[in-house]
Amino acid sequence: MRHIDVALDTRDLLLHWPDGTSSRFPYIWLRDNDPAELHPETQERMFELLSVPETLRPIAAGITDRHLAITWPDVPDPRLLPLDWLATCQPGSVRSDPAMIAPEPWPRDFRPLQVSADAFIADQDQLKQLIALKRHGLMIVSGLAGDADSGVALGRRIGFLRPTNFGLTFDVRSKPNPNNLAYTAGALPLHTDLPNQELQPGIQFLHCVANSASGGDSIYVDGLALLNDLRHVHPDAFDVLLQTPVPFRFHDGTADIRSRQSVFDLDPLGHPSRLSINSHIMDVIDLAPDLAHRWYAGMRRLKQLLADPARQVTWHLQPGEMAVFDNRRALHGRTGFDPSSGDRHFRGFYIDHGELDSRIRVLSRIMDA
Ligand code: OGA
Ligand code: ZN
């Protein structure tokens, strides 16, 4: 390796790399993030910030054998920090993350990705499918076994299921005394599930067990493309929906679950994210009249775009198929069905984004090995 210079500033250590670039590391950062401060087995940070003074400063620093050697006043031996590691974690630049996959808005002629259930058995194929799911927010799995649990078994290969007041899994069929519009035979307007929860479920699975009734087509819309378009055509509507928290509520005999959410957020890169659109579980709108007028006008613009058939993807799920979609991005709905004409039964469940992201990182680790 060519020459690397080390310089000690008032509060920072400067590394001048052989390629002419340099990096600035606060002294406290070098101590707090030193791998030697991690628990040897759990790899969790053991360093206690209050154990060093705010004026902490090395006594000496230099390069030895591809490591930065730092002598601290309160540590007997110099600490050795690998230069390769320092190069990958410079303060101020976000660490690389295999689960950080940029979402791609659906083009006008988008057809959902179709994936065979077998693709979830081999790690390499599964990783490819999960990355595509992150990118597009919708895929259709086919070839599941005939029993109602086969979709759940596939989901569990990805991560832990997220329970809700509807259970760990729920059966969507026309039922007597329904507590949810999904449990009727009626049409379901495009929505995201459960924005009344403190954290809206991340990934939704709807496994088609039976679908012989007439009607009951599934409809999907990309909320990311929708909001990108809204931002472009009606920026005032975009702003008011982003900035105004509104109340959501589900209640039945045993639960009363409420939250306040704006219709969407922006992610750290400025992309619309965490869409909460669900007319049937909105609570009484309690906005002051002027804001209410602006919010309703914004919602009208959004719904006008949503109603455009060109952005709606329709799919009549067959038994053995399962729709998997990002419930904080893609909207879903269905046309009404005639329960006297046949059976319609979907088994649903959720997995949060953190579980999916963790699976992608672990699979990437296996692939890199
Ligand atoms: C749901 C739902 C759609 C369907 O259960 O959340 O939207 O096709 N179901 O029945
Ligand atoms: Zn739903």
# chains A, B, ... in the order shown; residues from 1 in each chain; ligands from 1

call {"tool": "closest_atom_pairs", "arguments": {"of": "chain A", "to": "ligand 1", "cutoff": "8 Å", "atoms": "only C-alpha atoms and all ligand atoms", "output": "JSON lines"}}
result
{"residue": "A:Phe170", "atom": "CA", "partner": "ligand 1", "partner_atom_place_in_ligand_line": "5 (O)", "distance": 8.0}
{"residue": "A:Asp171", "atom": "CA", "partner": "ligand 1", "partner_atom_place_in_ligand_line": "5 (O)", "distance": 7.9}
{"residue": "A:Val172", "atom": "CA", "partner": "ligand 1", "partner_atom_place_in_ligand_line": "5 (O)", "distance": 5.5}
{"residue": "A:Arg173", "atom": "CA", "partner": "ligand 1", "partner_atom_place_in_ligand_line": "10 (O)", "distance": 7.2}
{"residue": "A:Ala182", "atom": "CA", "partner": "ligand 1", "partner_atom_place_in_ligand_line": "5 (O)", "distance": 4.9}
{"residue": "A:Tyr183", "atom": "CA", "partner": "ligand 1", "partner_atom_place_in_ligand_line": "5 (O)", "distance": 7.4}
{"residue": "A:Leu188", "atom": "CA", "partner": "ligand 1", "partner_atom_place_in_ligand_line": "7 (O)", "distance": 6.6}
{"residue": "A:His191", "atom": "CA", "partner": "ligand 1", "partner_atom_place_in_ligand_line": "7 (O)", "distance": 7.4}
{"residue": "A:Thr192", "atom": "CA", "partner": "ligand 1", "partner_atom_place_in_ligand_line": "6 (O)", "distance": 7.8}
{"residue": "A:Asp193", "atom": "CA", "partner": "ligand 1", "partner_atom_place_in_ligand_line": "6 (O)", "distance": 5.7}
{"residue": "A:Leu206", "atom": "CA", "partner": "ligand 1", "partner_atom_place_in_ligand_line": "9 (N)", "distance": 7.3}
{"residue": "A:Gly216", "atom": "CA", "partner": "ligand 1", "partner_atom_place_in_ligand_line": "8 (O)", "distance": 6.3}
{"residue": "A:Asp217", "atom": "CA", "partner": "ligand 1", "partner_atom_place_in_ligand_line": "8 (O)", "distance": 6.8}
{"residue": "A:Ser218", "atom": "CA", "partner": "ligand 1", "partner_atom_place_in_ligand_line": "8 (O)", "distance": 5.2}
{"residue": "A:Ile219", "atom": "CA", "partner": "ligand 1", "partner_atom_place_in_ligand_line": "8 (O)", "distance": 8.0}
{"residue": "A:His332", "atom": "CA", "partner": "ligand 1", "partner_atom_place_in_ligand_line": "7 (O)", "distance": 6.1}
{"residue": "A:Gly333", "atom": "CA", "partner": "ligand 1", "partner_atom_place_in_ligand_line": "7 (O)", "distance": 5.3}
{"residue": "A:Arg334", "atom": "CA", "partner": "ligand 1", "partner_atom_place_in_ligand_line": "8 (O)", "distance": 4.8}
{"residue": "A:Thr335", "atom": "CA", "partner": "ligand 1", "partner_atom_place_in_ligand_line": "8 (O)", "distance": 7.7}
{"residue": "A:His345", "atom": "CA", "partner": "ligand 1", "partner_atom_place_in_ligand_line": "10 (O)", "distance": 8.0}
{"residue": "A:Phe346", "atom": "CA", "partner": "ligand 1", "partner_atom_place_in_ligand_line": "10 (O)", "distance": 6.6}
{"residue": "A:Gly348", "atom": "CA", "partner": "ligand 1", "partner_atom_place_in_ligand_line": "5 (O)", "distance": 6.6}

call {"tool": "residues_around", "arguments": {"residues": "Phe25 (chain A)", "least_positions_apart": "6", "cutoff": "12 Å", "atoms": "only C-alpha atoms", "output": "ChimeraX atom specification"}}
result
/A:6-16,31-34,57,68,86-87,89-93

call {"tool": "write_last_selection", "arguments": {"atoms": "C-alpha atoms", "output": "JSON list (two decimals), in the first residue's frame"}}
result
[["chain", "number", "residue", "atom", "x", "y", "z"],
["A", 6, "VAL", "CA", -2.26, 10.72, 9.65],
["A", 7, "ALA", "CA", -2.78, 14.15, 11.19],
["A", 8, "LEU", "CA", -4.26, 15.09, 14.56],
["A", 9, "ASP", "CA", -6.52, 18.14, 14.55],
["A", 10, "THR", "CA", -8.26, 19.75, 17.55],
["A", 11, "ARG", "CA", -11.20, 17.31, 17.61],
["A", 12, "ASP", "CA", -10.64, 15.07, 14.58],
["A", 13, "LEU", "CA", -8.11, 12.67, 13.11],
["A", 14, "LEU", "CA", -7.39, 13.18, 9.43],
["A", 15, "LEU", "CA", -6.45, 10.29, 7.17],
["A", 16, "HIS", "CA", -4.93, 11.23, 3.82],
["A", 31, "ARG", "CA", -13.31, 5.41, 20.24],
["A", 32, "ASP", "CA", -17.05, 4.73, 20.26],
["A", 33, "ASN", "CA", -17.01, 2.74, 17.00],
["A", 34, "ASP", "CA", -13.77, 0.85, 17.62],
["A", 57, "ARG", "CA", -7.83, 13.09, 22.35],
["A", 68, "LEU", "CA", -4.57, 2.81, 12.17],
["A", 86, "LEU", "CA", -12.31, 2.64, 8.13],
["A", 87, "ALA", "CA", -12.61, 3.17, 4.39],
["A", 89, "CYS", "CA", -17.59, 3.59, 7.31],
["A", 90, "GLN", "CA", -16.65, 7.21, 7.05],
["A", 91, "PRO", "CA", -18.76, 9.54, 9.18],
["A", 92, "GLY", "CA", -21.19, 11.44, 6.96],
["A", 93, "SER", "CA", -21.72, 8.77, 4.31]]

call {"tool": "residues_around", "arguments": {"residues": "Asn327 (chain A)", "least_positions_apart": "5", "cutoff": "8 Å", "atoms": "only C-alpha atoms", "output": "PyMOL selection string"}}
result
chain A and resi 192-193+200-204+275

call {"tool": "residues_around", "arguments": {"residues": "Pro82 (chain A)", "least_positions_apart": "6", "cutoff": "12 Å", "atoms": "only C-alpha atoms", "output": "JSON, numbers by chain"}}
result
{"A": [30, 34, 35, 36, 63, 64, 65, 66, 67, 68, 69, 70, 88, 89]}

call {"tool": "select_by_dssp", "arguments": {"residues": "region 240-270 of chain A", "states": "helix (DSSP H, G or I)", "output": "list in words"}}
result
Val240, Leu241, Leu242 and Gln243 of chain A

call {"tool": "closest_residue", "arguments": {"among": "A:Thr169, A:Leu305, A:Phe110, A:Arg274", "to": "His232 (chain A)", "atoms": "only C-alpha atoms"}}
result
A:Leu305

call {"tool": "residues_around", "arguments": {"residues": "Ser341 (chain A)", "least_positions_apart": "6", "cutoff": "10 Å", "atoms": "only C-alpha atoms", "output": "VMD selection string"}}
result
chain A and resid 212 to 215

call {"tool": "select_by_dssp", "arguments": {"residues": "region 93-292 of chain A", "states": "strand (DSSP E or B)", "output": "number ranges by chain"}}
result
A: 113-116, 138-142, 164, 167, 170-172, 188-191, 203-211, 214-215, 218-222, 246-251, 256-261, 265-266, 272-273, 282

call {"tool": "residues_around", "arguments": {"residues": "Val362 (chain A)", "least_positions_apart": "4", "cutoff": "12 Å", "atoms": "only C-alpha atoms", "output": "PyMOL selection string"}}
result
chain A and resi 97-99+123-124+126-127+130+158-159+355-358+366-369

call {"tool": "residues_around", "arguments": {"residues": "region 282-286 of chain A", "least_positions_apart": "6", "cutoff": "9 Å", "atoms": "only C-alpha atoms", "output": "ChimeraX atom specification"}}
result
/A:195-196,246-250,258,292

call {"tool": "write_last_selection", "arguments": {"atoms": "N, CA and C atoms", "output": "PDB file, in the first residue's frame"}}
result
ATOM      1  N   PRO A 195     -54.269   1.361   8.334  1.00  0.00           N
ATOM      2  CA  PRO A 195     -53.566   2.585   8.754  1.00  0.00           C
ATOM      3  C   PRO A 195     -53.999   3.060  10.142  1.00  0.00           C
ATOM      4  N   ASN A 196     -55.036   2.410  10.710  1.00  0.00           N
ATOM      5  CA  ASN A 196     -55.442   2.742  12.081  1.00  0.00           C
ATOM      6  C   ASN A 196     -54.477   2.188  13.107  1.00  0.00           C
ATOM      7  N   VAL A 246     -54.417  12.868   9.789  1.00  0.00           N
ATOM      8  CA  VAL A 246     -55.875  12.667   9.874  1.00  0.00           C
ATOM      9  C   VAL A 246     -56.138  11.384  10.670  1.00  0.00           C
ATOM     10  N   PRO A 247     -57.345  11.287  11.273  1.00  0.00           N
ATOM     11  CA  PRO A 247     -57.594  10.141  12.164  1.00  0.00           C
ATOM     12  C   PRO A 247     -58.109   8.899  11.444  1.00  0.00           C
ATOM     13  N   PHE A 248     -57.598   7.736  11.851  1.00  0.00           N
ATOM     14  CA  PHE A 248     -58.087   6.438  11.367  1.00  0.00           C
ATOM     15  C   PHE A 248     -58.561   5.651  12.588  1.00  0.00           C
ATOM     16  N   ARG A 249     -59.575   4.821  12.368  1.00  0.00           N
ATOM     17  CA  ARG A 249     -60.108   4.049  13.502  1.00  0.00           C
ATOM     18  C   ARG A 249     -60.763   2.759  13.025  1.00  0.00           C
ATOM     19  N   PHE A 250     -60.433   1.671  13.705  1.00  0.00           N
ATOM     20  CA  PHE A 250     -61.196   0.430  13.570  1.00  0.00           C
ATOM     21  C   PHE A 250     -61.775   0.123  14.933  1.00  0.00           C
ATOM     22  N   ARG A 258     -56.898   3.178  17.135  1.00  0.00           N
ATOM     23  CA  ARG A 258     -56.887   4.468  16.435  1.00  0.00           C
ATOM     24  C   ARG A 258     -55.467   4.972  16.210  1.00  0.00           C
ATOM     25  N   ALA A 292     -59.773  21.719   6.352  1.00  0.00           N
ATOM     26  CA  ALA A 292     -60.636  20.631   5.840  1.00  0.00           C
ATOM     27  C   ALA A 292     -60.910  20.846   4.354  1.00  0.00           C
TER      28      ALA A 292
END

call {"tool": "closest_residue", "arguments": {"among": "A:Leu190, A:Val263, A:Cys208, A:Leu227", "to": "ligand 2", "atoms": "only C-alpha atoms and all ligand atoms"}}
result
A:Leu190

call {"tool": "closest_residue", "arguments": {"among": "A:Asp222, A:Ser279, A:Leu194, A:Gln304", "to": "ligand 2", "atoms": "only C-alpha atoms and all ligand atoms"}}
result
A:Leu194

call {"tool": "closest_residue", "arguments": {"among": "A:His293, A:His251, A:His316, A:Arg347", "to": "ligand 2", "atoms": "only C-alpha atoms and all ligand atoms"}}
result
A:Arg347

call {"tool": "closest_residue", "arguments": {"among": "A:Trp29, A:Trp295, A:Phe205, A:Phe349", "to": "Pro245 (chain A)", "atoms": "only C-alpha atoms"}}
result
A:Trp295

call {"tool": "decode", "arguments": {"residues": "region 117-134 of chain A", "atoms": "N, CA and C atoms", "output": "short mmCIF file (atom, residue, chain, number, x, y, z; two decimals), in the first residue's frame"}}
result
data_model
loop_
_atom_site.label_atom_id
_atom_site.label_comp_id
_atom_site.auth_asym_id
_atom_site.auth_seq_id
_atom_site.Cartn_x
_atom_site.Cartn_y
_atom_site.Cartn_z
N ALA A 117 -43.50 -20.77 -6.60
CA ALA A 117 -43.26 -21.03 -5.17
C ALA A 117 -41.93 -21.75 -4.95
N ASP A 118 -41.48 -22.50 -5.96
CA ASP A 118 -40.19 -23.20 -5.85
C ASP A 118 -39.03 -22.22 -5.68
N ALA A 119 -39.23 -20.99 -6.19
CA ALA A 119 -38.15 -20.00 -6.13
C ALA A 119 -37.84 -19.60 -4.69
N PHE A 120 -38.69 -19.99 -3.75
CA PHE A 120 -38.42 -19.63 -2.36
C PHE A 120 -37.68 -20.73 -1.62
N ILE A 121 -37.34 -21.80 -2.33
CA ILE A 121 -36.63 -22.89 -1.66
C ILE A 121 -35.12 -22.65 -1.76
N ALA A 122 -34.65 -22.30 -2.95
CA ALA A 122 -33.20 -22.04 -3.11
C ALA A 122 -32.90 -20.60 -2.71
N ASP A 123 -31.87 -20.43 -1.86
CA ASP A 123 -31.53 -19.10 -1.33
C ASP A 123 -31.30 -18.07 -2.43
N GLN A 124 -30.56 -18.49 -3.46
CA GLN A 124 -30.19 -17.52 -4.49
C GLN A 124 -31.42 -16.99 -5.24
N ASP A 125 -32.36 -17.92 -5.55
CA ASP A 125 -33.59 -17.52 -6.24
C ASP A 125 -34.43 -16.64 -5.33
N GLN A 126 -34.50 -17.03 -4.06
CA GLN A 126 -35.32 -16.26 -3.12
C GLN A 126 -34.81 -14.83 -3.02
N LEU A 127 -33.49 -14.69 -2.94
CA LEU A 127 -32.91 -13.34 -2.84
C LEU A 127 -33.31 -12.51 -4.06
N LYS A 128 -33.23 -13.11 -5.23
CA LYS A 128 -33.59 -12.39 -6.46
C LYS A 128 -35.05 -11.93 -6.41
N GLN A 129 -35.93 -12.81 -5.95
CA GLN A 129 -37.37 -12.47 -5.91
C GLN A 129 -37.64 -11.38 -4.86
N LEU A 130 -36.96 -11.47 -3.73
CA LEU A 130 -37.22 -10.48 -2.67
C LEU A 130 -36.70 -9.10 -3.07
N ILE A 131 -35.59 -9.08 -3.80
CA ILE A 131 -35.07 -7.79 -4.28
C ILE A 131 -36.06 -7.19 -5.28
N ALA A 132 -36.61 -8.05 -6.15
CA ALA A 132 -37.60 -7.56 -7.12
C ALA A 132 -38.85 -7.05 -6.41
N LEU A 133 -39.24 -7.74 -5.33
CA LEU A 133 -40.41 -7.28 -4.55
C LEU A 133 -40.15 -5.91 -3.96
N LYS A 134 -38.93 -5.70 -3.44
CA LYS A 134 -38.59 -4.38 -2.89
C LYS A 134 -38.67 -3.31 -3.97
#
